[in-house]
$ cat model.cif   # mmCIF, C-alpha atoms
data_target
#
loop_
_atom_site.label_atom_id
_atom_site.label_comp_id
_atom_site.auth_asym_id
_atom_site.auth_seq_id
_atom_site.Cartn_x
_atom_site.Cartn_y
_atom_site.Cartn_z
CA MET X 18 -8.58 11.81 34.23
CA GLY X 19 -9.21 15.35 33.14
CA GLU X 20 -9.99 14.28 29.56
CA SER X 21 -13.26 14.94 27.79
CA ARG X 22 -15.28 11.82 26.96
CA HIS X 23 -17.78 13.73 24.84
CA HIS X 24 -16.15 13.71 21.40
CA HIS X 25 -18.79 12.36 19.03
CA SER X 26 -17.00 12.89 15.72
CA ALA X 27 -17.05 9.68 13.69
CA ASP X 28 -13.48 10.25 12.56
CA ARG X 29 -12.25 9.33 16.05
CA THR X 30 -13.43 5.73 15.80
CA LEU X 31 -10.73 3.05 15.51
CA GLU X 32 -12.32 2.00 12.22
CA ALA X 33 -12.04 5.50 10.75
CA LEU X 34 -8.47 5.88 12.01
CA GLY X 35 -7.36 2.56 10.51
CA LEU X 36 -6.71 1.08 13.97
CA ALA X 37 -9.54 -1.45 14.26
CA VAL X 38 -7.83 -4.79 13.48
CA ALA X 39 -6.41 -6.66 16.47
CA PRO X 40 -3.57 -9.20 16.09
CA ARG X 41 -5.67 -11.55 18.20
CA GLU X 42 -8.14 -11.57 15.30
CA ASP X 43 -5.58 -11.55 12.46
CA PRO X 44 -2.15 -12.83 13.64
CA LEU X 45 -0.29 -11.69 10.52
CA VAL X 46 -0.98 -8.02 11.31
CA TYR X 47 1.03 -8.34 14.57
CA PRO X 48 1.96 -6.06 16.32
CA GLY X 49 -1.08 -4.24 14.94
CA THR X 50 -1.28 -0.62 13.85
CA TRP X 51 -0.02 1.89 16.37
CA PRO X 52 -1.60 5.36 16.61
CA ALA X 53 0.00 8.34 14.92
CA GLU X 54 -0.28 10.36 18.12
CA SER X 55 -1.02 10.11 21.82
CA GLY X 56 -4.66 9.45 22.62
CA LEU X 57 -7.25 8.19 25.07
CA LEU X 58 -8.67 4.79 24.15
CA ASP X 59 -12.33 5.01 25.12
CA GLY X 60 -14.28 2.02 23.85
CA ASP X 61 -14.26 2.15 20.06
CA ARG X 62 -12.72 5.62 19.87
CA LEU X 63 -9.28 7.16 20.27
CA LEU X 64 -9.85 10.63 21.67
CA PRO X 65 -7.48 13.60 21.92
CA LEU X 66 -5.26 13.62 24.98
CA THR X 67 -3.90 16.72 26.69
CA ARG X 68 -2.24 15.27 29.78
CA ARG X 69 0.86 13.06 29.52
CA THR X 70 1.09 11.75 33.08
CA PHE X 71 -1.65 10.19 35.21
CA PRO X 72 -1.09 9.94 38.99
CA GLY X 73 -2.64 6.81 40.47
CA ARG X 74 -2.04 4.80 37.30
CA VAL X 75 0.94 2.61 36.41
CA PRO X 76 2.98 3.55 33.31
CA VAL X 77 3.79 0.44 31.23
CA LEU X 78 5.89 0.58 28.06
CA ALA X 79 4.38 -1.22 25.08
CA VAL X 80 6.87 -2.81 22.67
CA GLY X 81 4.40 -4.97 20.74
CA SER X 82 0.66 -5.31 20.38
CA ASN X 83 -0.11 -3.52 23.65
CA ALA X 84 0.46 -0.31 21.68
CA SER X 85 -2.34 -1.34 19.31
CA PRO X 86 -5.66 0.21 20.40
CA ALA X 87 -7.56 -2.70 18.82
CA GLN X 88 -5.54 -5.24 20.81
CA LEU X 89 -6.03 -3.31 24.04
CA ARG X 90 -9.76 -3.06 23.34
CA HIS X 91 -9.87 -6.83 22.76
CA LYS X 92 -8.07 -7.56 26.04
CA MET X 93 -10.22 -5.19 28.07
CA ARG X 94 -13.44 -6.64 26.69
CA GLN X 95 -12.27 -10.12 27.64
CA TYR X 96 -12.21 -9.01 31.27
CA GLU X 97 -15.32 -6.82 30.93
CA LEU X 98 -13.41 -3.60 31.59
CA SER X 99 -14.58 -0.38 29.99
CA SER X 100 -12.61 2.47 31.60
CA PRO X 101 -10.43 4.52 29.21
CA ILE X 102 -6.70 3.91 28.71
CA PRO X 103 -4.28 6.77 27.99
CA LEU X 104 -1.62 5.95 25.38
CA VAL X 105 1.24 8.43 25.47
CA LYS X 106 4.13 8.68 23.04
CA ALA X 107 7.51 8.61 24.74
CA ARG X 108 11.15 8.84 23.76
CA VAL X 109 12.85 5.76 25.19
CA THR X 110 16.60 5.23 25.52
CA GLY X 111 18.19 1.86 26.30
CA LEU X 112 15.83 -0.58 24.57
CA LYS X 113 15.17 -2.19 21.19
CA ILE X 114 12.25 -4.38 20.11
CA GLY X 115 13.30 -7.99 19.72
CA VAL X 116 11.56 -11.29 19.05
CA SER X 117 10.19 -13.43 21.87
CA ALA X 118 11.75 -16.88 21.99
CA HIS X 119 8.36 -18.55 22.19
CA VAL X 120 5.44 -19.31 19.91
CA SER X 121 2.11 -17.87 21.06
CA ALA X 122 -1.03 -19.95 20.81
CA LEU X 123 -2.66 -16.77 19.54
CA GLY X 124 -0.92 -17.65 16.27
CA TYR X 125 2.12 -15.38 16.17
CA VAL X 126 5.68 -14.93 17.43
CA SER X 127 5.47 -11.80 19.53
CA ALA X 128 7.83 -8.95 20.36
CA SER X 129 9.96 -8.64 23.46
CA PRO X 130 12.41 -5.91 24.48
CA PHE X 131 16.14 -6.30 24.78
CA ARG X 132 18.73 -4.02 26.30
CA ALA X 133 20.40 -1.66 23.83
CA PRO X 134 22.52 0.92 25.68
CA GLY X 135 22.34 4.36 24.14
CA HIS X 136 19.72 3.47 21.52
CA THR X 137 16.74 5.84 21.40
CA ARG X 138 13.37 5.26 19.74
CA GLU X 139 9.73 6.19 20.13
CA LEU X 140 7.38 3.86 22.00
CA PHE X 141 4.00 4.18 23.67
CA LEU X 142 3.29 4.27 27.38
CA THR X 143 0.00 2.78 28.50
CA TRP X 144 -1.21 4.26 31.80
CA LEU X 145 -3.15 1.48 33.51
CA ASP X 146 -5.42 1.47 36.54
CA PRO X 147 -5.19 -1.57 38.88
CA ALA X 148 -7.93 -3.57 37.10
CA GLN X 149 -6.44 -2.86 33.67
CA LEU X 150 -2.96 -3.79 34.88
CA ALA X 151 -4.33 -7.05 36.28
CA ALA X 152 -5.88 -7.84 32.90
CA ILE X 153 -2.68 -7.11 30.96
CA ASP X 154 -0.61 -9.07 33.49
CA ALA X 155 -2.88 -12.07 32.99
CA SER X 156 -2.79 -11.72 29.21
CA GLU X 157 1.03 -11.74 29.30
CA GLY X 158 1.25 -14.71 31.67
CA VAL X 159 2.77 -12.80 34.57
CA THR X 160 0.45 -14.53 37.03
CA ARG X 161 1.42 -18.03 35.86
CA PRO X 162 4.82 -19.66 36.56
CA SER X 163 4.66 -21.13 33.05
CA GLY X 164 3.56 -17.85 31.46
CA ALA X 165 5.62 -16.16 28.77
CA TYR X 166 6.38 -12.83 30.43
CA ASP X 167 7.40 -11.19 33.68
CA ARG X 168 6.69 -7.56 34.44
CA VAL X 169 9.76 -5.62 35.55
CA LEU X 170 10.32 -2.15 36.95
CA LEU X 171 12.90 -0.37 34.79
CA PRO X 172 15.66 1.32 36.80
CA SER X 173 16.52 4.90 35.89
CA ALA X 174 20.18 3.91 35.53
CA GLY X 175 20.72 2.90 31.92
CA PHE X 176 17.18 3.65 30.77
CA ARG X 177 15.41 6.91 30.07
CA VAL X 178 11.71 7.34 29.34
CA GLU X 179 10.58 10.83 28.36
CA PRO X 180 6.86 11.31 27.64
CA GLU X 181 6.21 13.81 24.90
CA PRO X 182 5.16 17.23 26.19
CA GLY X 183 1.51 17.81 26.97
CA GLY X 184 -0.69 20.18 25.04
CA PRO X 185 -1.32 23.82 25.92
CA GLY X 186 -2.96 24.22 29.26
CA ALA X 187 -2.18 20.71 30.52
CA PRO X 188 -2.44 21.24 34.28
CA GLY X 189 0.77 20.77 36.20
CA GLU X 190 2.73 19.61 33.16
CA PRO X 191 5.56 21.34 31.33
CA SER X 192 4.99 22.38 27.72
CA GLY X 193 8.65 21.93 26.79
CA PRO X 194 10.57 18.67 26.28
CA GLY X 195 9.29 15.81 28.41
CA ALA X 196 10.95 15.19 31.76
CA PRO X 197 12.27 11.66 32.44
CA LEU X 198 9.70 9.42 34.07
CA ASP X 199 10.42 7.10 37.00
CA GLY X 200 8.49 3.96 37.90
CA VAL X 201 8.02 2.65 34.36
CA HIS X 202 7.14 -1.03 33.94
CA LEU X 203 7.98 -3.39 31.07
CA TYR X 204 7.12 -6.97 30.07
CA VAL X 205 10.20 -9.18 29.58
CA ASN X 206 10.04 -12.65 28.01
CA ARG X 207 11.00 -15.50 30.34
CA HIS X 208 12.34 -17.53 27.39
CA GLY X 209 14.74 -14.80 26.26
CA VAL X 210 14.74 -13.47 22.70
CA LEU X 211 15.69 -14.87 19.31
CA ARG X 212 19.09 -14.01 17.96
CA ASP X 213 20.20 -13.07 14.46
CA GLY X 214 22.98 -14.64 12.40
CA THR X 215 25.65 -12.85 14.41
CA GLY X 216 24.38 -14.07 17.77
CA LYS X 217 22.93 -10.70 18.75
CA PRO X 218 19.21 -10.26 19.46
CA ARG X 219 17.26 -9.92 16.23
CA GLU X 220 14.78 -7.10 15.85
CA HIS X 221 11.10 -7.74 15.14
CA PRO X 222 10.39 -6.63 11.55
CA GLY X 223 6.64 -7.30 11.57
CA GLU X 224 4.98 -10.70 11.62
CA ARG X 225 4.79 -11.66 7.96
CA ARG X 226 8.43 -10.85 7.28
CA LEU X 227 9.53 -12.46 10.55
CA LEU X 228 7.74 -15.74 9.90
CA THR X 229 8.99 -15.81 6.30
CA GLU X 230 12.56 -15.46 7.58
CA LEU X 231 12.21 -17.98 10.43
CA LEU X 232 10.61 -20.63 8.21
CA ALA X 233 13.31 -20.18 5.55
CA GLU X 234 16.01 -20.68 8.19
CA SER X 235 14.67 -23.84 9.85
CA THR X 236 13.62 -27.17 8.39
CA GLY X 237 12.37 -28.18 11.83
CA LEU X 238 10.12 -25.15 12.05
CA ARG X 239 8.66 -25.87 8.59
CA LYS X 240 7.91 -29.45 9.62
CA LEU X 241 5.95 -28.21 12.60
CA PHE X 242 4.19 -25.16 11.17
CA GLY X 243 4.24 -25.41 7.38
CA ALA X 244 6.08 -23.44 4.71
CA THR X 245 4.23 -20.10 4.72
CA PRO X 246 3.31 -17.45 7.29
CA GLU X 247 -0.37 -18.27 6.70
CA GLU X 248 0.20 -21.95 7.48
CA PHE X 249 2.25 -21.05 10.54
CA CYS X 250 -0.50 -18.89 12.02
CA SER X 251 -3.22 -21.40 11.20
CA ARG X 252 -1.39 -24.33 12.79
CA ALA X 253 -0.16 -22.41 15.83
CA ARG X 254 -3.45 -20.79 16.73
CA GLY X 255 -5.03 -22.59 19.66
CA ASP X 256 -2.59 -25.54 19.64
CA LEU X 257 -0.80 -25.26 22.97
CA ARG X 258 1.14 -28.51 22.46
CA LEU X 259 2.45 -27.48 19.05
CA CYS X 260 3.38 -24.00 20.26
CA ALA X 261 5.29 -25.49 23.20
CA GLU X 262 7.17 -27.73 20.79
CA GLY X 263 8.01 -24.72 18.62
CA THR X 264 9.32 -22.88 21.67
CA ARG X 265 11.51 -25.86 22.60
CA LEU X 266 12.76 -26.03 18.99
CA PHE X 267 14.00 -22.43 19.19
CA ALA X 268 16.14 -23.44 22.17
CA ARG X 269 17.31 -26.76 20.68
CA GLU X 270 18.44 -25.05 17.49
CA GLY X 271 20.42 -22.48 19.47
CA ARG X 272 18.28 -19.59 18.28
CA THR X 273 17.77 -17.98 21.68
CA THR X 274 19.82 -15.48 23.64
CA ALA X 275 19.39 -13.34 26.74
CA SER X 276 17.60 -10.01 26.49
CA GLY X 277 19.90 -8.34 29.00
CA LEU X 278 16.86 -7.47 31.10
CA GLU X 279 16.68 -10.68 33.13
CA LYS X 280 18.45 -9.16 36.13
CA TYR X 281 15.56 -6.75 36.65
CA VAL X 282 12.99 -9.53 37.09
CA ARG X 283 11.87 -9.73 40.68
CA GLY X 284 9.68 -12.81 40.39
CA GLN X 285 6.00 -12.31 41.19
CA GLN X 286 5.16 -8.64 41.59
CA THR X 287 4.10 -9.14 45.18
CA GLY X 288 2.35 -6.10 46.55
CA SER X 289 2.32 -4.30 43.21
CA PRO X 290 -0.97 -3.12 41.79
CA GLY X 291 -2.64 -5.30 39.24
CA THR X 292 -1.10 -8.72 39.84
CA GLY X 293 -4.63 -10.06 39.71
CA ALA X 294 -3.96 -13.75 40.39
CA SER X 295 -7.69 -14.44 40.25
CA LEU X 296 -7.87 -13.55 36.55
CA SER X 297 -7.83 -16.45 34.14
CA PRO X 298 -5.06 -16.01 31.56
CA PRO X 299 -5.94 -16.53 27.89
CA TRP X 300 -3.63 -18.24 25.45
CA MET X 301 -0.13 -16.84 25.59
#
$ encode --input "model.cif" --output "structure tokens"
Amino acid sequence: MGESRHHHSADRTLEALGLAVAPREDPLVYPGTWPAESGLLDGDRLLPLTRRTFPGRVPVLAVGSNASPAQLRHKMRQYELSSPIPLVKARVTGLKIGVSAHVSALGYVSASPFRAPGHTRELFLTWLDPAQLAAIDASEGVTRPSGAYDRVLLPSAGFRVEPEPGGPGAPGEPSGPGAPLDGVHLYVNRHGVLRDGTGKPREHPGERRLLTELLAESTGLRKLFGATPEEFCSRARGDLRLCAEGTRLFAREGRTTASGLEKYVRGQQTGSPGTGASLSPPWM
């Protein structure tokens, strides 16, 4: 990929950078800590990155824990994959980070994008090779009809993704403002997103605050998952039946709304790289 894999400085480890805790290991840290800058995830290290685009790889926007190097490391190890993953900062227009209208058996309520015309924020692009894309697809449930997410291809109309400029000497890349990128993929929740008190999609404020708010708002949710974020995570983790009931409760209580991205879902990504139907999905 044109990046050096020979940086041995200890300060590039995820531990030293404060990026080592995965939400899969501690649900209340969801979505995990995102890097301060673009980098190349190489095992236990986040190395400097000079390029910002990677031909032959698929650019996928991360709106939740897929921007956490520790979470990506956890997922890749599950599928025994060790090749590096570039994470590139990008300026994204047309999206906000909402709350998935489902309870994950990993113990948290995850993030999901919703359409927000004209809104601009910074997100990370993960550039995935076919095996990595297959692993992430499986982890998000794309390969299962009952899975939580579909992967969509964002159209250029209404959405703009501009990778930050590459460093000096990045071959074939401009050093000025990033050019818009085509062919960007995104995971969209099949259950929709949770809404706020006005009926609009609510934004994900971080797991502890989110669960505190949701539990305060719903007697039914407290009956299922307890009164505190800690109880919620403990009860939800690994209990597929309980999580499914929590997901149904969101709908019954009228807490869900459309993300505005449903029209871009094309069903199974037939013929796309990385659909990986042979991979066994973990808990959603």
$ closest_atom_pairs --input "model.cif" --of "range 162-272 of chain X" --to "range 24-47 of chain X" --cutoff "8 Å" --atoms "only C-alpha atoms" --output "JSON lines"
{"residue": "X:Gly223", "atom": "CA", "partner": "X:Tyr47", "partner_atom": "CA", "distance": 6.4}
{"residue": "X:Glu224", "atom": "CA", "partner": "X:Tyr47", "partner_atom": "CA", "distance": 5.5}
{"residue": "X:Arg225", "atom": "CA", "partner": "X:Leu45", "partner_atom": "CA", "distance": 5.7}
{"residue": "X:Pro246", "atom": "CA", "partner": "X:Leu45", "partner_atom": "CA", "distance": 7.5}
{"residue": "X:Glu247", "atom": "CA", "partner": "X:Leu45", "partner_atom": "CA", "distance": 7.6}
{"residue": "X:Cys250", "atom": "CA", "partner": "X:Pro44", "partner_atom": "CA", "distance": 6.5}
$ resolve_selection --input "model.cif" --expression "the PyMOL selection byres ((chain X and resi 266) around 12)" --output "MDAnalysis selection string"
chainID X and resid 118:120 208 211 231 235:242 259:265 267:273
$ atom_distance --input "model.cif" --atom1 "CA of Thr245 in chain X" --atom2 "CA of Gly209 in chain X"
24.5 Å
$ closest_residue --input "model.cif" --among "X:Trp144, X:Phe176, X:Phe131, X:Tyr281" --to "Gly73 in chain X" --atoms "all atoms listed in the file"
X:Trp144
$ closest_residue --input "model.cif" --among "X:Leu140, X:Val116, X:Leu66, X:Val109" --to "Asp213 in chain X" --atoms "all atoms listed in the file"
X:Val116
$ atom_distance --input "model.cif" --atom1 "CA of Ala253 in chain X" --atom2 "CA of Ser121 in chain X"
7.3 Å
$ resolve_selection --input "model.cif" --expression "the PyMOL selection byres ((chain X and resi 147) around 8)" --output "ChimeraX atom specification"
/X:74-75,145-146,148-151,290-291
$ closest_residue --input "model.cif" --among "X:Arg132, X:Arg161, X:Arg207, X:Arg62" --to "Pro103 in chain X" --atoms "only C-alpha atoms"
X:Arg62
$ atom_distance --input "model.cif" --atom1 "CA of Gly111 in chain X" --atom2 "CA of Leu227 in chain X"
23.0 Å
$ resolve_selection --input "model.cif" --expression "the PyMOL selection byres ((chain X and resi 277) around 10)" --output "PyMOL selection string"
chain X and resi 112+130-133+205+209-210+218+274-276+278-281
$ closest_residue --input "model.cif" --among "X:Val178, X:Leu142, X:Met93, X:Leu64" --to "Asp154 in chain X" --atoms "all atoms listed in the file"
X:Met93
$ closest_residue --input "model.cif" --among "X:Gly158, X:Pro180, X:Gly49, X:Gly124" --to "Val105 in chain X" --atoms "all atoms listed in the file"
X:Pro180
$ residues_near_point --input "model.cif" --point "(7.1, 5.7, 21.1)" --cutoff "7 Å" --atoms "all atoms listed in the file" --output "list in words"
Lys106, Ala107, Arg108, Arg138, Glu139, Leu140 and Phe141 of chain X
$ closest_residue --input "model.cif" --among "X:Arg177, X:Asp61, X:His202, X:Pro222" --to "Pro48 in chain X" --atoms "all atoms listed in the file"
X:Pro222
